[in-house]
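I have placed the structure first, in the form of structure tokens, so that the comments after it can refer back to it.
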Amino acid sequence: MERRNVGILGATGAVGQRFIQLLADHPWFNITWLAASDRSAGKTYAEACQWRLDTPLPTRIANMVLQPNTPEAAGPDLPRIVFSSVDAPIARELEPKFAAAGCAVISNSSAFRMASNVPLVVPEVNAAHLEVLEAQPTRRAVNGSTPSGGFLVTNPNCCAIGLVLALAPLHRRFGIGKMFVSTLQAVSGAGYPGVASLDILGNIIPYIKNEEEKLQEEVGKLLGGATADAFQPAPIIVSAMCNRVPVLEGHTECVSVKLDKPATHAEVLAAWSSFQPLHGQGLDGLHLPSAPEFPVEYAPEEARPQPRLDLMRGNGMATTVGRLRPCSLFDWKFTLLSHNTVRGAAGAAILNAEVLAVMGKFDFRAFPPLRTAAQELVTV
Ligand SMILES: NC(=O)c1ccc[n+]([C@@H]2O[C@H](COP(=O)([O-])OP(=O)(O)OC[C@H]3O[C@@H](n4cnc5c(N)ncnc54)[C@H](OP(=O)(O)O)[C@@H]3O)[C@@H](O)[C@H]2O)c1
């Protein structure tokens with residue numbers, strides 16, 4: 001696989017730092033462009049960023065200068081692939097500009113997740129949805145215009161990713177009619193500096209703005225179908241309650257599911273342990289560097305999963321499930337744990353990019369070079 005240049009928009013934040021850590025030695029991608037807010041532009045990464053991860057900041061990245069956050073300012077230095085980790089209002093303004101300039105934008109933000117022509121993807125669950133990106137105006141000539149070739153793909157909310165990995169094997173085998181989920185979300189999920197220590201230490205906050213709504217709507221899109229230019233959400237009734245807890249990393253979720261077909265304890269465990277869907281979607285010809293071998297791992301011990309003990313299963317890319325037991329309201333209940341900045345954010349976007357690379361979606365030869373597209377953008 002050819003090593004491709006990539007950029008990170010929002011490079012200094014909690015997710016941006018995780019992108020840098022995960023991409024530092026990536027065999028397919030090479031970081032050549034970094035941007036954040038206007039406050040950071042012109043500074044070196046080391047000056048602009050409060051590095052908070054437990055591995056050293058790579059020297060090459062520390063010395064890179066943060067660029068202005070527009071495609072036209074980057075000119076020919078703009079990479080064709082941009083990972084985005086900015087807040088939704090900023091993403092809503094900036095991401096379409098990068099797609100219009102000809103970039104593949106792979107976003108963590110909620111801004112376009114539910115758009116009718118934007119794939120919302122967890123590769124093990126719905127990689128086929130990526131084809132819908134061809135319905136985006138930047139991929140098709142409209143009224144004689146030359147499409148830039150750029151596109152926008154999103155990964156879900158950090159809780160939705162861990163959740164659908166556990167749900168997908170059950171939905172495929174037994175069908176899920178309705179479900180209830182109560183979350184215990186880590187403070188790093190609120191970015192840096194995030195929730196004030198005086199608010200969260202020794203405390204639980206039973207409200208995270210817009211989080212329950214996101215979980216409730218994204219599950220249906222993820223577990224549903226897609227045709228060439230539209231999505232058909234799965235008709236699953238989802239009720240979510242979201243809480244912020246004093247845990248550094250790792251979102252825990254307590255889940256109850258109502259199945260369409262009865263399943264035994266052993267059948268539910270078998271559905272999870274045999275779930276290796278990337279091997280069944282024609283994507284196994286090339287080893288995807290970030291894909292965990294087992295996306296769902298069951299922890300049989302009585303009091304697992306726990307953030308301190310299970311966070312890094314599958315290099316932080318696996319959902320750990322435990323405590324499967326009968327539910328007196330629905331059929332089965334269980335607890336899951338997912339790493340919110342790895343599997344729930346940067347790692348999810350990188351895995352999406354790996355799948356897009358294998359699908360040939362980064363082959364931009366049929367489209368104009370980036371610089372032309374960026375210049376066109378300036379003159380519009
Ligand atoms: N944290 C998680 O676990 C998680 C999980 C899934 C999805 N997400 C999503 O990922 C996105 C980033 O979250 P985060 O936790 O990394 O937030 P964060 O720590 O607050 O980082 C925000 C980043 O956006 C940059 N930024 C601010 N204003 C900007 C502007 N006008 N133009 C360009 N960049 C700008 C900041 O740069 P400066 O340093 O210059 O201010 C910083 O790099 C959000 O949409 C969030 O919902 C987060």
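Naming works like this for the structure tokens: A, B, ... for the chains as they're shown, residue 1 at the start of each chain, ligands 1 onward in shown order.
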DSSP-assigned helix (DSSP H, G or I) among stretch 209-285 of chain A, expressed as an mmCIF file with all heavy atoms, in the first residue's frame:
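The resulting states-v4.cif:
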data_model
loop_
_atom_site.group_PDB
_atom_site.id
_atom_site.type_symbol
_atom_site.label_atom_id
_atom_site.label_comp_id
_atom_site.auth_asym_id
_atom_site.auth_seq_id
_atom_site.Cartn_x
_atom_site.Cartn_y
_atom_site.Cartn_z
ATOM 1 N N GLU A 211 -26.189 14.242 23.796
ATOM 2 C CA GLU A 211 -25.611 12.902 23.685
ATOM 3 C C GLU A 211 -26.689 11.824 23.514
ATOM 4 O O GLU A 211 -26.542 10.911 22.707
ATOM 5 C CB GLU A 211 -24.769 12.624 24.941
ATOM 6 C CG GLU A 211 -23.796 11.490 24.804
ATOM 7 C CD GLU A 211 -22.545 11.861 24.024
ATOM 8 O OE1 GLU A 211 -22.470 12.969 23.454
ATOM 9 O OE2 GLU A 211 -21.620 11.026 23.976
ATOM 10 N N GLU A 212 -27.767 11.932 24.289
ATOM 11 C CA GLU A 212 -28.809 10.899 24.198
ATOM 12 C C GLU A 212 -29.451 10.913 22.818
ATOM 13 O O GLU A 212 -29.690 9.851 22.219
ATOM 14 C CB GLU A 212 -29.845 11.123 25.314
ATOM 15 C CG GLU A 212 -29.208 10.890 26.683
ATOM 16 C CD GLU A 212 -30.094 11.247 27.866
ATOM 17 O OE1 GLU A 212 -31.215 11.761 27.652
ATOM 18 O OE2 GLU A 212 -29.652 11.011 29.005
ATOM 19 N N GLU A 213 -29.677 12.096 22.283
ATOM 20 C CA GLU A 213 -30.277 12.210 20.951
ATOM 21 C C GLU A 213 -29.372 11.579 19.900
ATOM 22 O O GLU A 213 -29.828 10.858 19.006
ATOM 23 C CB GLU A 213 -30.534 13.685 20.597
ATOM 24 C CG GLU A 213 -31.605 14.368 21.446
ATOM 25 C CD GLU A 213 -31.109 14.839 22.811
ATOM 26 O OE1 GLU A 213 -29.931 14.610 23.146
ATOM 27 O OE2 GLU A 213 -31.908 15.433 23.558
ATOM 28 N N LYS A 214 -28.061 11.859 20.014
ATOM 29 C CA LYS A 214 -27.120 11.300 19.016
ATOM 30 C C LYS A 214 -27.148 9.781 19.058
ATOM 31 O O LYS A 214 -27.220 9.114 18.023
ATOM 32 C CB LYS A 214 -25.689 11.786 19.306
ATOM 33 C CG LYS A 214 -25.447 13.242 18.988
ATOM 34 C CD LYS A 214 -23.998 13.602 19.345
ATOM 35 C CE LYS A 214 -23.796 15.092 19.418
ATOM 36 N NZ LYS A 214 -22.524 15.467 20.035
ATOM 37 N N LEU A 215 -27.050 9.224 20.255
ATOM 38 C CA LEU A 215 -27.050 7.758 20.377
ATOM 39 C C LEU A 215 -28.331 7.179 19.792
ATOM 40 O O LEU A 215 -28.303 6.193 19.049
ATOM 41 C CB LEU A 215 -26.984 7.378 21.863
ATOM 42 C CG LEU A 215 -25.672 6.848 22.408
ATOM 43 C CD1 LEU A 215 -25.813 6.493 23.868
ATOM 44 C CD2 LEU A 215 -25.222 5.638 21.622
ATOM 45 N N GLN A 216 -29.447 7.795 20.111
ATOM 46 C CA GLN A 216 -30.739 7.253 19.688
ATOM 47 C C GLN A 216 -30.890 7.257 18.179
ATOM 48 O O GLN A 216 -31.433 6.326 17.601
ATOM 49 C CB GLN A 216 -31.875 8.018 20.380
ATOM 50 C CG GLN A 216 -31.971 7.637 21.852
ATOM 51 C CD GLN A 216 -32.855 8.519 22.703
ATOM 52 O OE1 GLN A 216 -32.973 8.299 23.888
ATOM 53 N NE2 GLN A 216 -33.482 9.517 22.116
ATOM 54 N N GLU A 217 -30.394 8.291 17.502
ATOM 55 C CA GLU A 217 -30.601 8.331 16.047
ATOM 56 C C GLU A 217 -29.493 7.602 15.287
ATOM 57 O O GLU A 217 -29.755 7.008 14.237
ATOM 58 C CB GLU A 217 -30.763 9.774 15.555
ATOM 59 C CG GLU A 217 -29.557 10.657 15.737
ATOM 60 C CD GLU A 217 -29.825 12.098 15.324
ATOM 61 O OE1 GLU A 217 -30.982 12.459 15.041
ATOM 62 O OE2 GLU A 217 -28.836 12.869 15.293
ATOM 63 N N GLU A 218 -28.283 7.588 15.818
ATOM 64 C CA GLU A 218 -27.178 6.990 15.047
ATOM 65 C C GLU A 218 -27.262 5.469 14.990
ATOM 66 O O GLU A 218 -26.870 4.855 13.996
ATOM 67 C CB GLU A 218 -25.829 7.441 15.636
ATOM 68 C CG GLU A 218 -25.554 8.923 15.380
ATOM 69 C CD GLU A 218 -24.248 9.420 15.990
ATOM 70 O OE1 GLU A 218 -23.365 8.585 16.285
ATOM 71 O OE2 GLU A 218 -24.115 10.647 16.175
ATOM 72 N N VAL A 219 -27.771 4.832 16.030
ATOM 73 C CA VAL A 219 -27.852 3.364 16.044
ATOM 74 C C VAL A 219 -28.665 2.858 14.855
ATOM 75 O O VAL A 219 -28.283 1.908 14.173
ATOM 76 C CB VAL A 219 -28.444 2.870 17.383
ATOM 77 C CG1 VAL A 219 -28.834 1.397 17.296
ATOM 78 C CG2 VAL A 219 -27.436 3.064 18.509
ATOM 79 N N GLY A 220 -29.791 3.502 14.564
ATOM 80 C CA GLY A 220 -30.648 3.067 13.455
ATOM 81 C C GLY A 220 -29.945 3.203 12.115
ATOM 82 O O GLY A 220 -30.015 2.309 11.272
ATOM 83 N N LYS A 221 -29.241 4.325 11.903
ATOM 84 C CA LYS A 221 -28.540 4.516 10.624
ATOM 85 C C LYS A 221 -27.423 3.478 10.459
ATOM 86 O O LYS A 221 -27.242 2.903 9.393
ATOM 87 C CB LYS A 221 -27.975 5.942 10.535
ATOM 88 C CG LYS A 221 -27.296 6.256 9.194
ATOM 89 C CD LYS A 221 -26.982 7.740 9.024
ATOM 90 C CE LYS A 221 -26.283 8.031 7.696
ATOM 91 N NZ LYS A 221 -25.999 9.457 7.467
ATOM 92 N N LEU A 222 -26.704 3.217 11.550
ATOM 93 C CA LEU A 222 -25.579 2.277 11.488
ATOM 94 C C LEU A 222 -26.032 0.842 11.220
ATOM 95 O O LEU A 222 -25.388 0.106 10.464
ATOM 96 C CB LEU A 222 -24.801 2.328 12.802
ATOM 97 C CG LEU A 222 -23.949 3.592 12.991
ATOM 98 C CD1 LEU A 222 -23.683 3.847 14.468
ATOM 99 C CD2 LEU A 222 -22.652 3.455 12.218
ATOM 100 N N LEU A 223 -27.116 0.445 11.846
ATOM 101 C CA LEU A 223 -27.551 -0.951 11.713
ATOM 102 C C LEU A 223 -28.539 -1.136 10.562
ATOM 103 O O LEU A 223 -29.005 -2.241 10.316
ATOM 104 C CB LEU A 223 -28.178 -1.436 13.029
ATOM 105 C CG LEU A 223 -27.214 -1.540 14.212
ATOM 106 C CD1 LEU A 223 -27.946 -1.964 15.484
ATOM 107 C CD2 LEU A 223 -26.072 -2.511 13.919
ATOM 108 N N HIS A 265 -28.220 -18.024 26.149
ATOM 109 C CA HIS A 265 -26.981 -17.406 26.629
ATOM 110 C C HIS A 265 -25.817 -17.815 25.716
ATOM 111 O O HIS A 265 -25.032 -16.971 25.266
ATOM 112 C CB HIS A 265 -26.746 -17.877 28.076
ATOM 113 C CG HIS A 265 -25.669 -17.144 28.797
ATOM 114 N ND1 HIS A 265 -24.349 -17.561 28.767
ATOM 115 C CD2 HIS A 265 -25.697 -16.038 29.589
ATOM 116 C CE1 HIS A 265 -23.624 -16.722 29.506
ATOM 117 N NE2 HIS A 265 -24.413 -15.798 30.014
ATOM 118 N N ALA A 266 -25.733 -19.122 25.423
ATOM 119 C CA ALA A 266 -24.626 -19.632 24.595
ATOM 120 C C ALA A 266 -24.697 -19.063 23.178
ATOM 121 O O ALA A 266 -23.657 -18.763 22.561
ATOM 122 C CB ALA A 266 -24.664 -21.160 24.550
ATOM 123 N N GLU A 267 -25.899 -18.884 22.657
ATOM 124 C CA GLU A 267 -26.025 -18.351 21.283
ATOM 125 C C GLU A 267 -25.609 -16.879 21.220
ATOM 126 O O GLU A 267 -25.015 -16.444 20.233
ATOM 127 C CB GLU A 267 -27.468 -18.519 20.796
ATOM 128 C CG GLU A 267 -27.794 -19.969 20.428
ATOM 129 C CD GLU A 267 -29.287 -20.200 20.180
ATOM 130 O OE1 GLU A 267 -30.135 -19.425 20.710
ATOM 131 O OE2 GLU A 267 -29.605 -21.178 19.484
ATOM 132 N N VAL A 268 -25.910 -16.124 22.266
ATOM 133 C CA VAL A 268 -25.470 -14.717 22.274
ATOM 134 C C VAL A 268 -23.940 -14.660 22.342
ATOM 135 O O VAL A 268 -23.294 -13.925 21.585
ATOM 136 C CB VAL A 268 -26.107 -13.949 23.456
ATOM 137 C CG1 VAL A 268 -25.500 -12.560 23.575
ATOM 138 C CG2 VAL A 268 -27.618 -13.852 23.269
ATOM 139 N N LEU A 269 -23.356 -15.468 23.220
ATOM 140 C CA LEU A 269 -21.880 -15.480 23.318
ATOM 141 C C LEU A 269 -21.254 -15.910 21.991
ATOM 142 O O LEU A 269 -20.243 -15.340 21.559
ATOM 143 C CB LEU A 269 -21.428 -16.437 24.427
ATOM 144 C CG LEU A 269 -21.757 -16.031 25.868
ATOM 145 C CD1 LEU A 269 -21.152 -17.036 26.847
ATOM 146 C CD2 LEU A 269 -21.243 -14.624 26.173
ATOM 147 N N ALA A 270 -21.862 -16.900 21.337
ATOM 148 C CA ALA A 270 -21.318 -17.386 20.054
ATOM 149 C C ALA A 270 -21.418 -16.297 18.986
ATOM 150 O O ALA A 270 -20.523 -16.150 18.143
ATOM 151 C CB ALA A 270 -22.064 -18.640 19.615
ATOM 152 N N ALA A 271 -22.505 -15.522 19.011
ATOM 153 C CA ALA A 271 -22.653 -14.433 18.025
ATOM 154 C C ALA A 271 -21.506 -13.436 18.179
ATOM 155 O O ALA A 271 -20.932 -12.968 17.191
ATOM 156 C CB ALA A 271 -24.000 -13.737 18.212
ATOM 157 N N TRP A 272 -21.151 -13.127 19.423
ATOM 158 C CA TRP A 272 -20.047 -12.176 19.642
ATOM 159 C C TRP A 272 -18.696 -12.786 19.268
ATOM 160 O O TRP A 272 -17.898 -12.158 18.585
ATOM 161 C CB TRP A 272 -20.023 -11.736 21.111
ATOM 162 C CG TRP A 272 -21.056 -10.702 21.458
ATOM 163 C CD1 TRP A 272 -21.564 -9.731 20.646
ATOM 164 C CD2 TRP A 272 -21.706 -10.550 22.729
ATOM 165 N NE1 TRP A 272 -22.486 -8.980 21.328
ATOM 166 C CE2 TRP A 272 -22.600 -9.439 22.594
ATOM 167 C CE3 TRP A 272 -21.630 -11.207 23.955
ATOM 168 C CZ2 TRP A 272 -23.396 -9.002 23.654
ATOM 169 C CZ3 TRP A 272 -22.417 -10.755 25.009
ATOM 170 C CH2 TRP A 272 -23.293 -9.670 24.849
ATOM 171 N N SER A 273 -18.442 -14.021 19.717
ATOM 172 C CA SER A 273 -17.088 -14.578 19.521
ATOM 173 C C SER A 273 -16.801 -14.880 18.049
ATOM 174 O O SER A 273 -15.650 -14.895 17.629
ATOM 175 C CB SER A 273 -16.896 -15.833 20.378
ATOM 176 O OG SER A 273 -17.778 -16.838 19.956
ATOM 177 N N PRO A 277 -16.313 -9.566 11.018
ATOM 178 C CA PRO A 277 -16.979 -9.202 9.771
ATOM 179 C C PRO A 277 -16.068 -8.660 8.693
ATOM 180 O O PRO A 277 -16.399 -8.760 7.520
ATOM 181 C CB PRO A 277 -17.987 -8.150 10.209
ATOM 182 C CG PRO A 277 -17.413 -7.597 11.465
ATOM 183 C CD PRO A 277 -16.681 -8.707 12.120
ATOM 184 N N LEU A 278 -14.929 -8.103 9.044
ATOM 185 C CA LEU A 278 -14.068 -7.584 7.979
ATOM 186 C C LEU A 278 -13.539 -8.718 7.121
ATOM 187 O O LEU A 278 -13.160 -8.519 5.978
ATOM 188 C CB LEU A 278 -12.916 -6.760 8.566
ATOM 189 C CG LEU A 278 -13.336 -5.440 9.208
ATOM 190 C CD1 LEU A 278 -12.134 -4.665 9.695
ATOM 191 C CD2 LEU A 278 -14.142 -4.584 8.245
ATOM 192 N N HIS A 279 -13.567 -9.921 7.663
ATOM 193 C CA HIS A 279 -13.158 -11.080 6.870
ATOM 194 C C HIS A 279 -14.262 -11.506 5.915
ATOM 195 O O HIS A 279 -14.026 -12.292 5.029
ATOM 196 C CB HIS A 279 -12.792 -12.243 7.797
ATOM 197 C CG HIS A 279 -11.588 -11.933 8.621
ATOM 198 N ND1 HIS A 279 -10.312 -12.205 8.198
ATOM 199 C CD2 HIS A 279 -11.467 -11.332 9.823
ATOM 200 C CE1 HIS A 279 -9.452 -11.788 9.113
ATOM 201 N NE2 HIS A 279 -10.128 -11.249 10.098
ATOM 202 N N GLY A 280 -15.468 -10.992 6.109
ATOM 203 C CA GLY A 280 -16.579 -11.399 5.259
ATOM 204 C C GLY A 280 -17.033 -10.337 4.284
ATOM 205 O O GLY A 280 -18.012 -10.497 3.595
#
message = Set the distance at 12 Å and use only C-alpha atoms: which residues neighbour A:Asp77 once local chain neighbours fewer than 4 positions away are removed? I'd like the list as a ChimeraX atom specification.
response = /A:5-7,31-34,67-68,70-73,81,103,369-371,374
Counting only C-alpha atoms, give me one row per residue of stretch 80-158 of chain A with an atom at most 12 Å from an atom of stretch 187-207 of chain A, showing the shortest contact pair and its distance in Å to one decimal, sorted by chain then residue number, as JSON lines.
{"residue": "A:Ser85", "atom": "CA", "partner": "A:Gly191", "partner_atom": "CA", "distance": 10.2}
{"residue": "A:Val86", "atom": "CA", "partner": "A:Gly191", "partner_atom": "CA", "distance": 10.0}
{"residue": "A:Asp87", "atom": "CA", "partner": "A:Gly191", "partner_atom": "CA", "distance": 9.6}
{"residue": "A:Asn108", "atom": "CA", "partner": "A:Gly189", "partner_atom": "CA", "distance": 12.0}
{"residue": "A:Asn157", "atom": "CA", "partner": "A:Gly189", "partner_atom": "CA", "distance": 10.0}
{"residue": "A:Cys158", "atom": "CA", "partner": "A:Gly189", "partner_atom": "CA", "distance": 7.7}
Using the selection just defined, write its residues with all heavy atoms as a CSV table (one decimal), in the first residue's frame.
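So the final result, stored in result12.csv, reads:
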chain,number,residue,atom,x,y,z
A,85,SER,N,-11.1,16.7,13.5
A,85,SER,CA,-11.6,16.6,14.9
A,85,SER,C,-11.8,18.0,15.5
A,85,SER,O,-11.1,18.4,16.4
A,85,SER,CB,-10.6,15.8,15.7
A,85,SER,OG,-9.3,16.3,15.6
A,86,VAL,N,-12.8,18.6,15.0
A,86,VAL,CA,-13.2,19.9,15.5
A,86,VAL,C,-14.7,19.8,16.0
A,86,VAL,O,-15.4,18.9,15.6
A,86,VAL,CB,-13.1,21.1,14.5
A,86,VAL,CG1,-11.6,21.3,14.1
A,86,VAL,CG2,-13.8,20.8,13.2
A,87,ASP,N,-15.1,20.8,16.8
A,87,ASP,CA,-16.5,20.8,17.3
A,87,ASP,C,-17.5,21.0,16.1
A,87,ASP,O,-17.1,21.6,15.1
A,87,ASP,CB,-16.7,21.9,18.3
A,87,ASP,CG,-16.1,21.4,19.7
A,87,ASP,OD1,-15.8,20.2,19.8
A,87,ASP,OD2,-15.8,22.3,20.5
A,108,ASN,N,-14.8,13.3,12.7
A,108,ASN,CA,-15.3,12.8,14.0
A,108,ASN,C,-16.5,13.6,14.5
A,108,ASN,O,-17.1,13.2,15.5
A,108,ASN,CB,-14.2,13.0,15.1
A,108,ASN,CG,-13.2,11.9,15.1
A,108,ASN,OD1,-13.5,10.9,15.7
A,108,ASN,ND2,-12.1,12.2,14.5
A,157,ASN,N,-20.8,8.9,17.1
A,157,ASN,CA,-20.6,9.3,18.4
A,157,ASN,C,-19.8,8.2,19.2
A,157,ASN,O,-19.9,7.0,18.9
A,157,ASN,CB,-22.0,9.5,19.0
A,157,ASN,CG,-22.0,9.5,20.5
A,157,ASN,OD1,-22.0,8.5,21.2
A,157,ASN,ND2,-22.0,10.7,21.1
A,158,CYS,N,-19.0,8.7,20.1
A,158,CYS,CA,-18.0,7.7,20.8
A,158,CYS,C,-18.8,6.6,21.5
A,158,CYS,O,-18.2,5.5,21.5
A,158,CYS,CB,-17.1,8.5,21.8
A,158,CYS,SG,-18.0,9.7,22.7
request  = Could you tell me how far atom CA of A:Phe180 lies from atom CA of A:Lys258, in Å and to one decimal?
outcome  =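 Distance reported for this atom pair: 8.9 Å.
Closest to A:Val257 among A:Ser328, A:Gln276, A:Gln306, A:Gln50 is A:Ser328, based on only C-alpha atoms.
Close contacts of A:Ala128, defined as residues with an atom at most 10 Å away when counting only C-alpha atoms, with chain neighbours fewer than 3 positions off set aside, comprise Pro119, Val121, Val122, Pro123, Glu124, Val125, Glu131, Val132, Gly225, Ala226, Thr227, Ala228 and Gln281 of chain A.
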Writing out the chosen residues with C-alpha atoms as a short mmCIF file (atom, residue, chain, number, x, y, z; two decimals), in the first residue's frame:
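Below is the file that was written, selection_2.cif:
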data_model
loop_
_atom_site.label_atom_id
_atom_site.label_comp_id
_atom_site.auth_asym_id
_atom_site.auth_seq_id
_atom_site.Cartn_x
_atom_site.Cartn_y
_atom_site.Cartn_z
CA PRO A 119 -21.85 7.71 5.24
CA VAL A 121 -19.54 4.12 9.28
CA VAL A 122 -18.10 1.53 11.63
CA PRO A 123 -16.42 -0.79 9.11
CA GLU A 124 -17.24 -4.04 10.91
CA VAL A 125 -20.90 -3.00 10.97
CA GLU A 131 -20.51 3.67 -1.43
CA VAL A 132 -23.12 6.37 -0.73
CA GLY A 225 -29.28 -0.66 5.01
CA ALA A 226 -28.13 1.54 2.16
CA THR A 227 -28.81 1.76 -1.57
CA ALA A 228 -26.63 3.71 -4.02
CA GLN A 281 -16.79 -8.11 3.35
#
Could you give me, as JSON lines, every chain A residue with an atom at most 8 Å from ligand 1, plus its closest atom pair and distance in Å to one decimal, counting only C-alpha atoms and all ligand atoms, rows ordered by chain then number?
{"residue": "A:Leu9", "atom": "CA", "partner": "ligand 1", "partner_atom_place_in_ligand_line": "34 (N)", "distance": 6.1}
{"residue": "A:Gly10", "atom": "CA", "partner": "ligand 1", "partner_atom_place_in_ligand_line": "43 (O)", "distance": 3.4}
{"residue": "A:Ala11", "atom": "CA", "partner": "ligand 1", "partner_atom_place_in_ligand_line": "43 (O)", "distance": 4.6}
{"residue": "A:Thr12", "atom": "CA", "partner": "ligand 1", "partner_atom_place_in_ligand_line": "43 (O)", "distance": 3.7}
{"residue": "A:Gly13", "atom": "CA", "partner": "ligand 1", "partner_atom_place_in_ligand_line": "21 (O)", "distance": 3.2}
{"residue": "A:Ala14", "atom": "CA", "partner": "ligand 1", "partner_atom_place_in_ligand_line": "16 (O)", "distance": 3.8}
{"residue": "A:Val15", "atom": "CA", "partner": "ligand 1", "partner_atom_place_in_ligand_line": "16 (O)", "distance": 3.7}
{"residue": "A:Gly16", "atom": "CA", "partner": "ligand 1", "partner_atom_place_in_ligand_line": "16 (O)", "distance": 5.6}
{"residue": "A:Gln17", "atom": "CA", "partner": "ligand 1", "partner_atom_place_in_ligand_line": "16 (O)", "distance": 7.7}
{"residue": "A:Ala35", "atom": "CA", "partner": "ligand 1", "partner_atom_place_in_ligand_line": "33 (C)", "distance": 6.5}
{"residue": "A:Ala36", "atom": "CA", "partner": "ligand 1", "partner_atom_place_in_ligand_line": "34 (N)", "distance": 3.6}
{"residue": "A:Ser37", "atom": "CA", "partner": "ligand 1", "partner_atom_place_in_ligand_line": "29 (C)", "distance": 3.7}
{"residue": "A:Asp38", "atom": "CA", "partner": "ligand 1", "partner_atom_place_in_ligand_line": "40 (O)", "distance": 6.3}
{"residue": "A:Arg39", "atom": "CA", "partner": "ligand 1", "partner_atom_place_in_ligand_line": "40 (O)", "distance": 5.1}
{"residue": "A:Ser40", "atom": "CA", "partner": "ligand 1", "partner_atom_place_in_ligand_line": "40 (O)", "distance": 4.4}
{"residue": "A:Ala41", "atom": "CA", "partner": "ligand 1", "partner_atom_place_in_ligand_line": "40 (O)", "distance": 7.3}
{"residue": "A:Ala48", "atom": "CA", "partner": "ligand 1", "partner_atom_place_in_ligand_line": "39 (O)", "distance": 6.4}
{"residue": "A:Cys49", "atom": "CA", "partner": "ligand 1", "partner_atom_place_in_ligand_line": "39 (O)", "distance": 6.2}
{"residue": "A:Asn69", "atom": "CA", "partner": "ligand 1", "partner_atom_place_in_ligand_line": "33 (C)", "distance": 5.6}
{"residue": "A:Ser84", "atom": "CA", "partner": "ligand 1", "partner_atom_place_in_ligand_line": "11 (C)", "distance": 7.5}
{"residue": "A:Ser85", "atom": "CA", "partner": "ligand 1", "partner_atom_place_in_ligand_line": "11 (C)", "distance": 4.1}
{"residue": "A:Val86", "atom": "CA", "partner": "ligand 1", "partner_atom_place_in_ligand_line": "24 (O)", "distance": 4.0}
{"residue": "A:Asp87", "atom": "CA", "partner": "ligand 1", "partner_atom_place_in_ligand_line": "45 (O)", "distance": 3.5}
{"residue": "A:Ala88", "atom": "CA", "partner": "ligand 1", "partner_atom_place_in_ligand_line": "45 (O)", "distance": 5.0}
{"residue": "A:Ile90", "atom": "CA", "partner": "ligand 1", "partner_atom_place_in_ligand_line": "31 (N)", "distance": 5.6}
{"residue": "A:Ala91", "atom": "CA", "partner": "ligand 1", "partner_atom_place_in_ligand_line": "45 (O)", "distance": 7.4}
{"residue": "A:Leu94", "atom": "CA", "partner": "ligand 1", "partner_atom_place_in_ligand_line": "32 (N)", "distance": 7.5}
{"residue": "A:Ser107", "atom": "CA", "partner": "ligand 1", "partner_atom_place_in_ligand_line": "10 (O)", "distance": 7.9}
{"residue": "A:Asn108", "atom": "CA", "partner": "ligand 1", "partner_atom_place_in_ligand_line": "10 (O)", "distance": 4.7}
{"residue": "A:Ser109", "atom": "CA", "partner": "ligand 1", "partner_atom_place_in_ligand_line": "45 (O)", "distance": 3.7}
{"residue": "A:Ser110", "atom": "CA", "partner": "ligand 1", "partner_atom_place_in_ligand_line": "45 (O)", "distance": 6.1}
{"residue": "A:Ala111", "atom": "CA", "partner": "ligand 1", "partner_atom_place_in_ligand_line": "45 (O)", "distance": 7.7}
{"residue": "A:Pro156", "atom": "CA", "partner": "ligand 1", "partner_atom_place_in_ligand_line": "6 (C)", "distance": 7.2}
{"residue": "A:Asn157", "atom": "CA", "partner": "ligand 1", "partner_atom_place_in_ligand_line": "6 (C)", "distance": 5.3}
{"residue": "A:Cys158", "atom": "CA", "partner": "ligand 1", "partner_atom_place_in_ligand_line": "6 (C)", "distance": 4.4}
{"residue": "A:Ala186", "atom": "CA", "partner": "ligand 1", "partner_atom_place_in_ligand_line": "3 (O)", "distance": 7.9}
{"residue": "A:Ser188", "atom": "CA", "partner": "ligand 1", "partner_atom_place_in_ligand_line": "1 (N)", "distance": 5.3}
{"residue": "A:Gly189", "atom": "CA", "partner": "ligand 1", "partner_atom_place_in_ligand_line": "3 (O)", "distance": 3.3}
{"residue": "A:Ala190", "atom": "CA", "partner": "ligand 1", "partner_atom_place_in_ligand_line": "1 (N)", "distance": 5.2}
{"residue": "A:Gly191", "atom": "CA", "partner": "ligand 1", "partner_atom_place_in_ligand_line": "15 (O)", "distance": 3.0}
{"residue": "A:Tyr192", "atom": "CA", "partner": "ligand 1", "partner_atom_place_in_ligand_line": "19 (O)", "distance": 4.0}
{"residue": "A:Pro193", "atom": "CA", "partner": "ligand 1", "partner_atom_place_in_ligand_line": "19 (O)", "distance": 6.8}
{"residue": "A:Gly194", "atom": "CA", "partner": "ligand 1", "partner_atom_place_in_ligand_line": "20 (O)", "distance": 7.0}
{"residue": "A:Asn340", "atom": "CA", "partner": "ligand 1", "partner_atom_place_in_ligand_line": "3 (O)", "distance": 4.6}
{"residue": "A:Thr341", "atom": "CA", "partner": "ligand 1", "partner_atom_place_in_ligand_line": "3 (O)", "distance": 4.3}
{"residue": "A:Val342", "atom": "CA", "partner": "ligand 1", "partner_atom_place_in_ligand_line": "3 (O)", "distance": 8.0}
{"residue": "A:Gly344", "atom": "CA", "partner": "ligand 1", "partner_atom_place_in_ligand_line": "5 (C)", "distance": 5.3}
{"residue": "A:Ala345", "atom": "CA", "partner": "ligand 1", "partner_atom_place_in_ligand_line": "6 (C)", "distance": 4.2}
{"residue": "A:Ala346", "atom": "CA", "partner": "ligand 1", "partner_atom_place_in_ligand_line": "6 (C)", "distance": 7.6}
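Interatomic distance, atom CA of A:Ala24 to atom CA of A:Phe83: 13.8 Å.
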key: Every residue of stretch 245-334 of chain A that DSSP places in strand (DSSP E or B), as a PyMOL selection string   = chain A and resi 251-259+296-299+319-326+332-334
